[in-house]
Every structure is written in structure tokens, then in C-alpha cells.
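Student: So I've got this file, run.cif, and it contains mmCIF, C-alpha atoms:
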data_data
loop_
_atom_site.group_PDB
_atom_site.id
_atom_site.type_symbol
_atom_site.label_atom_id
_atom_site.label_comp_id
_atom_site.auth_asym_id
_atom_site.auth_seq_id
_atom_site.Cartn_x
_atom_site.Cartn_y
_atom_site.Cartn_z
ATOM 1 C CA ARG A 203 139.228 66.353 109.308
ATOM 2 C CA GLN A 204 138.327 70.027 109.135
ATOM 3 C CA ARG A 205 141.653 70.925 107.509
ATOM 4 C CA ASP A 206 141.224 68.160 104.931
ATOM 5 C CA SER A 207 137.658 69.264 104.237
ATOM 6 C CA TYR A 208 138.774 72.861 103.860
ATOM 7 C CA ARG A 209 141.624 71.968 101.488
ATOM 8 C CA ALA A 210 139.294 69.869 99.345
ATOM 9 C CA PHE A 211 136.804 72.706 99.193
ATOM 10 C CA GLN A 212 139.517 75.220 98.324
ATOM 11 C CA ARG A 213 140.744 73.018 95.476
ATOM 12 C CA TYR A 214 137.158 72.565 94.301
ATOM 13 C CA TRP A 215 136.299 76.270 94.141
ATOM 14 C CA CYS A 216 139.637 77.366 92.689
ATOM 15 C CA SER A 217 139.401 74.661 90.044
ATOM 16 C CA ALA A 218 135.837 75.660 89.245
ATOM 17 C CA MET A 219 136.727 79.359 89.074
ATOM 18 C CA ALA A 220 139.438 78.628 86.524
ATOM 19 C CA THR A 221 136.984 76.917 84.192
ATOM 20 C CA SER A 222 134.498 78.512 81.814
ATOM 21 C CA PRO A 223 130.800 77.621 81.471
ATOM 22 C CA VAL A 224 132.019 74.908 79.086
ATOM 23 C CA ALA A 225 134.369 73.633 81.746
ATOM 24 C CA THR A 226 135.611 70.077 82.035
ATOM 25 C CA ARG A 227 134.346 67.768 84.740
ATOM 26 C CA VAL A 228 135.272 68.608 88.314
ATOM 27 C CA SER A 229 137.904 66.254 89.710
ATOM 28 C CA PRO A 230 136.438 63.596 92.041
ATOM 29 C CA ASP A 231 138.575 64.521 95.038
ATOM 30 C CA ALA A 232 137.495 68.154 94.766
ATOM 31 C CA ALA A 233 133.795 67.586 94.304
ATOM 32 C CA GLY A 234 133.507 65.022 97.070
ATOM 33 C CA LYS A 235 130.208 63.265 97.406
ATOM 34 C CA GLU A 236 128.595 65.330 94.611
ATOM 35 C CA ASN A 237 130.977 64.295 91.829
ATOM 36 C CA ASP A 238 128.926 61.402 90.451
ATOM 37 C CA ALA A 239 125.772 63.510 90.309
ATOM 38 C CA ILE A 240 127.660 66.363 88.644
ATOM 39 C CA ALA A 241 129.121 64.067 86.011
ATOM 40 C CA LYS A 242 125.630 62.768 85.177
ATOM 41 C CA SER A 243 123.891 66.151 85.179
ATOM 42 C CA THR A 244 125.743 67.987 82.435
ATOM 43 C CA HIS A 245 123.238 69.751 80.196
ATOM 44 C CA ARG A 246 124.024 70.701 76.592
ATOM 45 C CA SER A 247 122.474 73.554 74.625
ATOM 46 C CA GLY A 248 124.104 73.915 71.224
ATOM 47 C CA ASN A 249 127.820 73.893 71.970
ATOM 48 C CA ALA A 250 127.376 75.067 75.542
ATOM 49 C CA VAL A 251 127.658 72.788 78.534
ATOM 50 C CA GLN A 252 125.885 73.748 81.738
ATOM 51 C CA GLN A 253 127.305 71.993 84.806
ATOM 52 C CA PRO A 254 126.170 72.328 88.410
ATOM 53 C CA HIS A 255 129.498 73.726 89.632
ATOM 54 C CA SER A 256 129.573 76.492 87.005
ATOM 55 C CA LEU A 257 125.919 77.307 87.665
ATOM 56 C CA ALA A 258 126.649 77.517 91.405
ATOM 57 C CA ILE A 259 129.549 79.897 90.731
ATOM 58 C CA ASN A 260 127.368 82.075 88.487
ATOM 59 C CA LEU A 261 124.761 82.292 91.238
ATOM 60 C CA LEU A 262 127.371 83.233 93.826
ATOM 61 C CA ARG A 263 129.310 85.642 91.635
ATOM 62 C CA ARG A 264 126.185 87.651 90.899
ATOM 63 C CA ALA A 265 125.265 87.963 94.561
ATOM 64 C CA LYS A 266 127.075 91.125 95.649
ATOM 65 C CA SER A 267 126.803 90.581 99.385
ATOM 66 C CA GLY A 268 127.530 93.635 101.483
ATOM 67 C CA GLN A 269 127.122 95.864 98.413
ATOM 68 C CA LEU A 270 123.822 95.008 96.787
ATOM 69 C CA SER A 271 120.792 93.117 97.944
ATOM 70 C CA MET A 272 120.102 91.867 94.424
ATOM 71 C CA PHE A 273 121.708 89.663 91.842
ATOM 72 C CA SER A 274 120.677 89.337 88.228
ATOM 73 C CA TYR A 275 121.255 86.035 86.492
ATOM 74 C CA SER A 276 121.000 86.937 82.813
ATOM 75 C CA ASN A 277 122.121 85.033 79.782
ATOM 76 C CA SER A 278 123.188 86.354 76.395
ATOM 77 C CA GLU A 279 123.234 82.993 74.603
ATOM 78 C CA GLN A 280 120.285 81.662 72.662
ATOM 79 C CA SER A 281 117.798 80.300 75.172
ATOM 80 C CA PRO A 282 120.029 77.902 77.122
ATOM 81 C CA ALA A 283 118.204 75.585 79.472
ATOM 82 C CA ILE A 284 118.942 74.954 83.115
ATOM 83 C CA ASP A 285 118.513 71.245 83.620
ATOM 84 C CA GLN A 286 116.282 70.753 86.665
ATOM 85 C CA GLU A 287 118.653 68.277 88.314
ATOM 86 C CA CYS A 288 121.604 70.555 87.537
ATOM 87 C CA PHE A 289 119.786 73.504 89.117
ATOM 88 C CA ASP A 290 119.026 71.529 92.261
ATOM 89 C CA ILE A 291 122.586 70.174 92.642
ATOM 90 C CA ALA A 292 124.087 73.644 92.148
ATOM 91 C CA LEU A 293 122.014 74.953 95.047
ATOM 92 C CA ARG A 294 122.929 71.946 97.187
ATOM 93 C CA LEU A 295 126.617 72.689 96.565
ATOM 94 C CA ILE A 296 126.085 76.209 97.898
ATOM 95 C CA LEU A 297 124.194 74.821 100.881
ATOM 96 C CA ASP A 298 126.767 72.137 101.799
ATOM 97 C CA GLU A 299 127.227 72.713 105.533
ATOM 98 C CA ASP A 300 130.665 71.100 105.762
ATOM 99 C CA ASN A 301 131.966 73.531 103.172
ATOM 100 C CA GLU A 302 130.145 76.567 104.525
ATOM 101 C CA LEU A 303 131.954 76.269 107.845
ATOM 102 C CA HIS A 304 135.297 76.929 106.158
ATOM 103 C CA ILE A 305 134.515 79.557 103.538
ATOM 104 C CA GLY A 306 136.209 82.900 104.051
ATOM 105 C CA GLY A 307 138.903 81.641 106.410
ATOM 106 C CA ASP A 308 141.573 82.213 103.789
ATOM 107 C CA ASP A 309 141.914 85.504 101.892
ATOM 108 C CA SER A 310 143.286 83.614 98.890
ATOM 109 C CA LEU A 311 139.826 82.243 98.148
ATOM 110 C CA PRO A 312 137.707 84.193 95.631
ATOM 111 C CA SER A 313 135.746 86.813 97.522
ATOM 112 C CA TYR A 314 132.454 85.769 95.987
ATOM 113 C CA CYS A 315 132.766 82.371 97.709
ATOM 114 C CA LYS A 316 131.860 84.150 100.921
ATOM 115 C CA ASN A 317 128.396 84.630 99.441
ATOM 116 C CA ALA A 318 127.736 80.996 100.316
ATOM 117 C CA LEU A 319 127.769 81.831 104.022
ATOM 118 C CA PRO A 320 124.307 81.947 105.602
ATOM 119 C CA GLU A 321 124.611 85.583 106.686
ATOM 120 C CA ALA A 322 125.627 86.598 103.170
ATOM 121 C CA ARG A 323 122.859 84.624 101.508
ATOM 122 C CA GLY A 324 120.429 86.088 104.005
ATOM 123 C CA SER A 325 121.220 89.567 102.705
ATOM 124 C CA ILE A 326 120.026 88.671 99.199
ATOM 125 C CA THR A 327 116.471 89.916 98.907
ATOM 126 C CA ARG A 328 116.147 90.419 95.126
ATOM 127 C CA VAL A 329 116.782 87.889 92.367
ATOM 128 C CA GLN A 330 116.227 88.228 88.634
ATOM 129 C CA PHE A 331 116.415 85.426 86.056
ATOM 130 C CA SER A 332 116.378 86.804 82.519
ATOM 131 C CA GLY A 333 116.597 84.630 79.419
ATOM 132 C CA TYR A 334 117.276 81.357 81.199
ATOM 133 C CA GLN A 335 114.974 78.431 80.540
ATOM 134 C CA PHE A 336 113.691 76.230 83.351
ATOM 135 C CA ALA A 337 110.280 74.611 83.762
ATOM 136 C CA SER A 338 110.021 75.174 87.517
ATOM 137 C CA PHE A 339 112.112 75.923 90.580
ATOM 138 C CA PRO A 340 113.636 73.046 92.566
ATOM 139 C CA GLU A 341 111.123 72.137 95.238
ATOM 140 C CA VAL A 342 113.091 73.072 98.359
ATOM 141 C CA THR A 343 116.633 74.196 97.729
ATOM 142 C CA PHE A 344 116.040 77.666 96.300
ATOM 143 C CA GLY A 345 114.057 78.782 99.328
ATOM 144 C CA ARG A 346 116.688 77.319 101.649
ATOM 145 C CA THR A 347 119.493 79.052 99.756
ATOM 146 C CA TYR A 348 117.933 82.536 99.624
ATOM 147 C CA PHE A 349 115.726 82.372 102.682
ATOM 148 C CA ASN A 350 115.040 86.129 102.915
ATOM 149 C CA LEU A 351 114.094 86.560 99.280
ATOM 150 C CA ALA A 352 111.391 89.204 98.918
ATOM 151 C CA HIS A 353 111.524 90.098 95.211
ATOM 152 C CA LEU A 354 111.632 87.551 92.372
ATOM 153 C CA ASP A 355 111.768 88.500 88.695
ATOM 154 C CA ILE A 356 111.554 85.860 85.931
ATOM 155 C CA ARG A 357 111.681 87.134 82.357
ATOM 156 C CA GLN A 358 111.790 85.628 78.878
ATOM 157 C CA ASN A 359 111.445 82.029 79.972
ATOM 158 C CA SER A 360 109.577 79.998 77.372
ATOM 159 C CA SER A 361 110.063 76.790 79.395
ATOM 160 C CA LEU A 362 108.350 77.924 82.593
ATOM 161 C CA THR A 363 105.096 76.003 83.064
ATOM 162 C CA CYS A 364 104.656 75.877 86.838
ATOM 163 C CA ILE A 365 104.959 78.382 89.689
ATOM 164 C CA ASP A 366 103.801 76.021 92.434
ATOM 165 C CA SER A 367 107.285 75.551 93.891
ATOM 166 C CA ILE A 368 107.853 79.321 93.839
ATOM 167 C CA ILE A 369 104.770 80.026 95.906
ATOM 168 C CA SER A 370 105.253 77.116 98.305
ATOM 169 C CA GLN A 371 108.890 77.780 99.255
ATOM 170 C CA LEU A 372 108.957 81.582 99.098
ATOM 171 C CA PRO A 373 105.986 82.657 101.250
ATOM 172 C CA GLN A 374 107.745 85.884 102.195
ATOM 173 C CA LEU A 375 107.712 87.314 98.658
ATOM 174 C CA THR A 376 106.468 90.896 98.502
ATOM 175 C CA SER A 377 106.863 91.280 94.735
ATOM 176 C CA LEU A 378 106.709 88.749 91.903
ATOM 177 C CA ASN A 379 107.256 89.539 88.240
ATOM 178 C CA LEU A 380 106.524 86.905 85.576
ATOM 179 C CA ALA A 381 107.128 88.460 82.159
ATOM 180 C CA ASN A 382 107.158 86.904 78.692
ATOM 181 C CA CYS A 383 106.699 83.310 79.817
ATOM 182 C CA PRO A 384 104.387 82.184 76.976
ATOM 183 C CA ASN A 385 104.006 78.580 78.140
ATOM 184 C CA LEU A 386 102.894 79.516 81.628
ATOM 185 C CA ARG A 387 99.204 78.682 81.399
ATOM 186 C CA THR A 388 98.082 78.951 84.996
ATOM 187 C CA VAL A 389 98.736 80.979 88.122
ATOM 188 C CA ALA A 390 96.315 78.859 90.136
ATOM 189 C CA PRO A 391 98.980 78.136 92.818
ATOM 190 C CA LEU A 392 98.437 81.703 94.004
ATOM 191 C CA GLY A 393 94.964 80.621 95.047
ATOM 192 C CA ARG A 394 95.696 77.295 96.675
ATOM 193 C CA ASN A 395 95.242 76.963 100.407
ATOM 194 C CA ARG A 396 97.390 74.412 102.172
ATOM 195 C CA LYS A 397 97.087 73.353 105.783
ATOM 196 C CA GLY A 398 99.275 75.521 107.972
ATOM 197 C CA ARG A 399 100.241 77.806 105.103
ATOM 198 C CA ARG A 400 100.605 81.496 105.834
ATOM 199 C CA ASN A 401 98.846 84.228 103.879
ATOM 200 C CA LEU A 402 100.589 85.743 100.908
ATOM 201 C CA ARG A 403 102.639 88.877 101.556
ATOM 202 C CA LEU A 404 102.553 90.248 98.033
ATOM 203 C CA GLN A 405 102.493 94.002 97.557
ATOM 204 C CA ASN A 406 103.251 93.958 93.817
ATOM 205 C CA LEU A 407 102.335 91.310 91.248
ATOM 206 C CA TRP A 408 103.162 91.603 87.561
ATOM 207 C CA ILE A 409 102.059 88.866 85.144
ATOM 208 C CA ARG A 410 102.679 89.814 81.521
ATOM 209 C CA GLY A 411 103.048 87.952 78.247
ATOM 210 C CA CYS A 412 101.753 84.600 79.510
ATOM 211 C CA ASN A 413 98.898 82.485 78.146
ATOM 212 C CA LEU A 414 96.216 82.296 80.824
ATOM 213 C CA SER A 415 93.233 81.863 78.502
ATOM 214 C CA THR A 416 92.404 78.368 79.783
ATOM 215 C CA MET A 417 92.272 79.167 83.498
ATOM 216 C CA ARG A 418 88.853 78.371 84.919
ATOM 217 C CA SER A 419 86.652 80.986 86.545
ATOM 218 C CA GLU A 420 86.740 79.262 89.926
ATOM 219 C CA GLU A 421 90.548 79.234 89.811
ATOM 220 C CA TRP A 422 90.626 82.978 89.202
ATOM 221 C CA GLY A 423 88.128 83.442 92.026
ATOM 222 C CA ARG A 424 90.424 81.680 94.492
ATOM 223 C CA VAL A 425 93.469 83.590 93.231
ATOM 224 C CA PHE A 426 91.799 86.947 93.871
ATOM 225 C CA ASP A 427 90.470 85.739 97.229
ATOM 226 C CA ASN A 428 94.033 84.968 98.350
ATOM 227 C CA LEU A 429 95.421 88.192 96.915
ATOM 228 C CA ALA A 430 92.737 90.113 98.814
ATOM 229 C CA GLU A 431 94.001 88.536 102.043
ATOM 230 C CA SER A 432 97.647 89.285 101.309
ATOM 231 C CA THR A 433 99.273 90.908 104.303
ATOM 232 C CA GLY A 434 101.426 93.045 101.957
ATOM 233 C CA PRO A 435 98.850 94.395 101.294
ATOM 234 C CA LEU A 436 98.542 94.126 97.503
ATOM 235 C CA GLU A 437 98.843 97.608 95.997
ATOM 236 C CA MET A 438 99.880 96.975 92.380
ATOM 237 C CA LEU A 439 98.521 94.325 90.018
ATOM 238 C CA THR A 440 99.344 93.876 86.340
ATOM 239 C CA LEU A 441 97.602 91.283 84.161
ATOM 240 C CA SER A 442 98.583 92.314 80.651
ATOM 241 C CA GLY A 443 99.053 90.426 77.407
ATOM 242 C CA ASN A 444 97.741 87.187 78.919
ATOM 243 C CA ARG A 445 94.869 86.473 76.470
ATOM 244 C CA LEU A 446 92.215 86.899 79.132
ATOM 245 C CA ALA A 447 88.588 86.711 78.047
ATOM 246 C CA CYS A 448 87.242 88.244 81.242
ATOM 247 C CA LEU A 449 88.384 89.797 84.485
ATOM 248 C CA HIS A 450 86.918 87.890 87.438
ATOM 249 C CA GLU A 451 84.603 89.848 89.709
ATOM 250 C CA ASN A 452 86.592 88.852 92.800
ATOM 251 C CA VAL A 453 89.295 91.316 91.769
ATOM 252 C CA VAL A 454 87.114 93.892 93.539
ATOM 253 C CA LYS A 455 87.860 92.151 96.843
ATOM 254 C CA CYS A 456 91.415 93.517 96.567
ATOM 255 C CA LYS A 457 90.387 96.773 98.226
ATOM 256 C CA SER A 458 93.981 97.854 98.857
ATOM 257 C CA LEU A 459 94.807 98.131 95.134
ATOM 258 C CA VAL A 460 96.271 101.485 94.147
ATOM 259 C CA HIS A 461 97.456 100.627 90.619
ATOM 260 C CA LEU A 462 95.656 98.178 88.326
ATOM 261 C CA PHE A 463 96.891 97.486 84.793
ATOM 262 C CA ILE A 464 94.776 95.164 82.619
ATOM 263 C CA GLU A 465 96.102 95.737 79.101
ATOM 264 C CA ASP A 466 96.314 94.057 75.682
ATOM 265 C CA ASN A 467 94.235 91.020 76.508
ATOM 266 C CA GLY A 468 92.302 91.051 73.230
ATOM 267 C CA GLN A 469 92.119 87.560 71.768
ATOM 268 C CA MET A 470 94.499 87.159 68.852
ATOM 269 C CA THR A 471 92.014 85.199 66.682
ATOM 270 C CA THR A 472 88.934 87.248 67.438
ATOM 271 C CA SER A 473 87.874 90.795 68.189
ATOM 272 C CA SER A 474 85.909 89.730 71.254
ATOM 273 C CA PRO A 475 86.168 92.343 74.008
ATOM 274 C CA LEU A 476 87.528 91.703 77.472
ATOM 275 C CA VAL A 477 84.580 91.344 79.846
ATOM 276 C CA LEU A 478 84.962 93.558 82.922
ATOM 277 C CA PRO A 479 83.134 93.058 86.244
ATOM 278 C CA GLU A 480 80.248 95.457 86.710
ATOM 279 C CA ASN A 481 81.501 96.499 90.155
ATOM 280 C CA LEU A 482 85.018 97.414 89.002
ATOM 281 C CA GLY A 483 84.464 101.020 90.072
ATOM 282 C CA ASP A 484 84.195 99.912 93.697
ATOM 283 C CA LEU A 485 88.001 99.805 93.937
ATOM 284 C CA SER A 486 87.940 103.140 95.696
ATOM 285 C CA GLN A 487 91.697 103.315 96.462
ATOM 286 C CA LEU A 488 92.774 103.260 92.815
ATOM 287 C CA THR A 489 94.910 106.161 91.627
ATOM 288 C CA SER A 490 95.604 104.589 88.215
ATOM 289 C CA LEU A 491 93.600 102.147 86.106
ATOM 290 C CA SER A 492 94.750 101.131 82.641
ATOM 291 C CA LEU A 493 92.435 99.175 80.344
ATOM 292 C CA CYS A 494 94.273 99.806 77.078
ATOM 293 C CA GLY A 495 94.109 97.390 74.149
ATOM 294 C CA ASN A 496 91.289 95.132 75.320
ATOM 295 C CA ASN A 497 88.788 95.610 72.434
ATOM 296 C CA LEU A 498 86.428 97.219 74.929
ATOM 297 C CA ARG A 499 83.008 98.310 73.680
ATOM 298 C CA ARG A 500 81.555 99.514 76.950
ATOM 299 C CA LEU A 501 82.634 100.301 80.484
ATOM 300 C CA PRO A 502 80.908 99.223 83.676
ATOM 301 C CA ARG A 503 78.563 101.885 85.023
ATOM 302 C CA THR A 504 80.408 101.869 88.329
ATOM 303 C CA ILE A 505 83.499 103.382 86.674
ATOM 304 C CA GLY A 506 81.945 106.722 87.547
ATOM 305 C CA ARG A 507 82.528 105.931 91.234
ATOM 306 C CA LEU A 508 86.294 106.105 90.857
ATOM 307 C CA ASP A 509 88.002 108.983 92.569
ATOM 308 C CA ASP A 510 88.212 112.107 90.424
ATOM 309 C CA GLN A 511 91.996 111.971 90.715
ATOM 310 C CA CYS A 512 92.212 108.402 89.398
ATOM 311 C CA GLY A 513 94.027 108.233 86.074
ATOM 312 C CA LEU A 514 92.001 106.095 83.653
ATOM 313 C CA HIS A 515 93.725 104.989 80.433
ATOM 314 C CA LEU A 516 91.577 103.666 77.592
ATOM 315 C CA GLN A 517 93.767 103.844 74.501
ATOM 316 C CA ARG A 518 93.600 101.177 71.766
ATOM 317 C CA ASN A 519 89.899 100.428 72.308
ATOM 318 C CA SER A 520 88.579 101.712 68.987
ATOM 319 C CA ASP A 521 85.048 100.367 69.451
ATOM 320 C CA LEU A 522 84.530 101.867 72.884
ATOM 321 C CA ALA A 523 81.191 103.690 73.074
ATOM 322 C CA HIS A 524 80.207 106.368 75.570
ATOM 323 C CA PRO A 525 83.226 106.564 77.858
ATOM 324 C CA PRO A 526 82.800 108.951 80.787
ATOM 325 C CA PRO A 527 83.121 112.522 79.442
ATOM 326 C CA ARG A 528 86.047 113.495 81.626
ATOM 327 C CA TYR A 529 88.144 110.710 80.058
ATOM 328 C CA LEU A 530 87.620 111.997 76.526
ATOM 329 C CA GLN A 531 90.014 114.892 77.089
#
Kindly present the structure from the file in C-alpha cells form.
Tutor:
Amino acid sequence: RQRDSYRAFQRYWCSAMATSPVATRVSPDAAGKENDAIAKSTHRSGNAVQQPHSLAINLLRRAKSGQLSMFSYSNSEQSPAIDQECFDIALRLILDEDNELHIGGDDSLPSYCKNALPEARGSITRVQFSGYQFASFPEVTFGRTYFNLAHLDIRQNSSLTCIDSIISQLPQLTSLNLANCPNLRTVAPLGRNRKGRRNLRLQNLWIRGCNLSTMRSEEWGRVFDNLAESTGPLEMLTLSGNRLACLHENVVKCKSLVHLFIEDNGQMTTSSPLVLPENLGDLSQLTSLSLCGNNLRRLPRTIGRLDDQCGLHLQRNSDLAHPPPRYLQ
């Protein structure tokens, strides 16, 4: 049984390797129990066809186990989508235990197939998705596949609308970058407490180019409460280009912050200034604070409490009146 399983898996991977991203359907005897799902889950974008087996190979090929702890899954085509079912099946193919037991036993197999082994996947700590379109992560399989993932970078994804599955299945994340995801309208999952859930471990959080203008004040309050309790602890926070109307006062609870970047949140249809909390200057550990491009007209009085060595950046606030004298130089 093991030999037959191994031979089937070898035929499957070698067949898949020989195909392009527009590959034909995997033969039923090679794909085993997944073949029906694969046949039904082909996703088309223009002339391109995205199939689970080719997506699985792309994920594995970019994971340079033993050499790098990061893989970057970038796409040069015009905004191709990853069908949610396709994404999930691709990860399940990598996770298939029967096949994992036999990978790497034959040197004739592509070397990147060994990246499906648990010890190899466990060495992947950084993942970047750039230019690929998916609304959310599969609920379970991504965290099971890359179970030691600490750094996640998602860029230029106009389909992303939900980060709930990211937060729930990757509690060990120490850095999260969400950049240029214009349809992401909430980061409230960062503030949700679930029974038995561990504290966040984030040290670095970048959220840029999203549309968070409709998040409620109480949601922001809970987000900052959770970030303040991060065991990272949180040292860098970026909330730039997100159409914020105000910065919630609970940000000051994040006492461990060293770098805070709140930039370019001026409303596109109005010149209304970003409202800053009056106690912002109580973040005594800050060494850099950037408030550029927020249509600011005044600064909180507590800004004067910042350490003398803290770099304060106030460019692109043409209506700002009476900034502290030392920042006029």
C-alpha cells in the first residue's frame, strides 16, 4: 500500500511540475481522492486558469526550506484571483499525511516537494502575498500548513475584506503588514476576545492604504486595548492612508510603542483635520512620531511631554498653527 501510494504521489507531482499555471486537469489516478474537487475548483481570470495543484506547487516552490525562512508569492499578471475553494484545496494537498510520509525518499523527485514535510514547513516563518486577490484566508488550513508563521505581508489585494481568519489561526504572529487593500474596511478582529484565546504577540503592525473610515469608536477602543496587552510587545504601529477621522484615545495604552506613524489620513472629500487624543504625548517611549498629511490645525498640549530626542514629523499640514518651537527647525 505504501509503495502504491508513493508511486501515485510521484506521478502526481511530476505531472503537476510539467504543467504551467494554465495546466490541464490532473489525471484521476494521480490526484487520488482530491481529483473531483480539483476538477470543480478551476478558477479563470482572463485567459489564465488557476488550479489547486498549480497553486500548491507555487506555494512549495517559493518556500526555500533550509535556505530562507521566507517565501514571497507574487504575481505579475493583472489582478488574478485565488478562488477560496481552490486556495483551501491547495493547502490540503500539501497537508495530505499519506503523501507527506513518502516525500523525499527518492532523489528523482523535485527538491521543492520536500517543503511539504512538517519540519520544512515549520521553518517557514515569513510569507508575503503581493498582487494576488483573495477575500480572506481559508479558516484552518493556512495555519496548519505554516504553523510557525511569525511574519505575514499582504499587499495590493483589492479583494481582501476580512482578516478574522488571519487573526484566529495565526496567534503567534509578531508582525502583520496589510498594504493597499482598499476594500478592507475593518480591523475589528484585532480587538475581539474569544474564550481561551491567547493574547496577541504583535511587535510590528502596518496598516496602510485601507478604508477604515466606518469603524466605530468602540471597535477602535477594543483594538487598542488588545494591542496594549500584546506580549510582543507592540513597538511599531503604522495607520496611514486609511481615511481615519480621529485617532482613538486608547492608543495611549500602548505604552511600549517606540515608532508611531499616523500619516495621510485627511478625508478625500473634505479638509477636515484628523482629531488626535489630547494625551498623545503620554507615549513616553516614542523615539519617532509622524503625523504628516493629516490636515492638522493644532497639536495636543501634551506633545511637549515627548522626549527631547523623539523625532516629530509634521510635513503636509499647511494649516497647522503654533507647533512646538523646536519642531519648526
Student: Pick the closest to A:Leu488 from A:Cys412, A:Arg503, A:Asp509, A:Ser474: which is it, counting all atoms listed in the file?
Tutor: A:Asp509
Student: When the PyMOL selection byres ((chain A and resi 460) around 12) is applied to the file above, which residues end up in the set, as a list in words?
Tutor: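 Written out, the selection comes to Gln405, Asn406, Pro435, Leu436, Glu437, Met438, Leu439, Thr440, Val454, Cys456, Lys457, Ser458, Leu459, His461, Leu462, Phe463, Leu485, Ser486, Gln487, Leu488, Thr489, Ser490, Leu491, Ser492, Leu508, Asp509, Gln511, Cys512 and Gly513 of chain A.
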Student: Can you build me a table of stretch 375-489 of chain A residues sitting at most 12 Å from stretch 326-331 of chain A, with the closest atom pair per residue and its distance in Å to one decimal, using all atoms listed in the file, sorted by chain and residue number, as JSON lines?
Tutor:
{"residue": "A:Leu375", "atom": "CA", "partner": "A:Thr327", "partner_atom": "CA", "distance": 9.1}
{"residue": "A:Thr376", "atom": "CA", "partner": "A:Thr327", "partner_atom": "CA", "distance": 10.1}
{"residue": "A:Ser377", "atom": "CA", "partner": "A:Arg328", "partner_atom": "CA", "distance": 9.3}
{"residue": "A:Leu378", "atom": "CA", "partner": "A:Gln330", "partner_atom": "CA", "distance": 10.1}
{"residue": "A:Asn379", "atom": "CA", "partner": "A:Gln330", "partner_atom": "CA", "distance": 9.1}
{"residue": "A:Leu380", "atom": "CA", "partner": "A:Phe331", "partner_atom": "CA", "distance": 10.0}
{"residue": "A:Ala381", "atom": "CA", "partner": "A:Phe331", "partner_atom": "CA", "distance": 10.5}
{"residue": "A:Asn382", "atom": "CA", "partner": "A:Phe331", "partner_atom": "CA", "distance": 11.9}
{"residue": "A:Cys383", "atom": "CA", "partner": "A:Phe331", "partner_atom": "CA", "distance": 11.7}
Student: For atom CA of A:Asn428 and atom CA of A:Leu482, determine how far apart the two atoms are, in Å to one decimal place.
Tutor: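 It comes out at 18.0 Å.
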Student: Report the residues retrieved by the PyMOL selection byres ((chain A and resi 292) around 10) from the displayed file, expressed as an NGL selection string.
Tutor: :A and (236 or 240 or 253-261 or 286-291 or 293-297 or 343-344)
Student: Please provide as a PDB file with C-alpha atoms, in the coordinates of the input all residues within 10 Å of A:Pro391, with the sequence filter that same-chain residues fewer than 5 positions apart are discarded (counting all atoms listed in the file).
Tutor:
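Saved as out_34.pdb:
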ATOM      1  CA  CYS A 364     104.656  75.877  86.838  1.00  0.00           C
ATOM      2  CA  ILE A 365     104.959  78.382  89.689  1.00  0.00           C
ATOM      3  CA  ASP A 366     103.801  76.021  92.434  1.00  0.00           C
ATOM      4  CA  SER A 367     107.285  75.551  93.891  1.00  0.00           C
ATOM      5  CA  ILE A 368     107.853  79.321  93.839  1.00  0.00           C
ATOM      6  CA  ILE A 369     104.770  80.026  95.906  1.00  0.00           C
ATOM      7  CA  SER A 370     105.253  77.116  98.305  1.00  0.00           C
ATOM      8  CA  GLU A 421      90.548  79.234  89.811  1.00  0.00           C
ATOM      9  CA  ARG A 424      90.424  81.680  94.492  1.00  0.00           C
ATOM     10  CA  VAL A 425      93.469  83.590  93.231  1.00  0.00           C
TER      11      VAL A 425
END
Student: Ranking A:Leu493, A:Val389, A:Leu404, A:Ala337 by minimum distance to A:Leu354 and counting only C-alpha atoms, which one comes first?
Tutor: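 Nearest candidate to A:Leu354 out of A:Leu493, A:Val389, A:Leu404, A:Ala337: A:Leu404.
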Student: Evaluate the PyMOL selection byres ((chain A and resi 468) around 9) and record the selected residues as number ranges by chain, following the chain and residue labels used in the document.
Tutor: A: 443-447, 465-467, 469-476, 495-498
Student: Choose the residue, out of A:Leu516, A:Leu407, A:Leu522, A:Cys448, that has the smallest atom-to-atom separation from A:Cys494; count only C-alpha atoms.
Tutor: A:Leu516
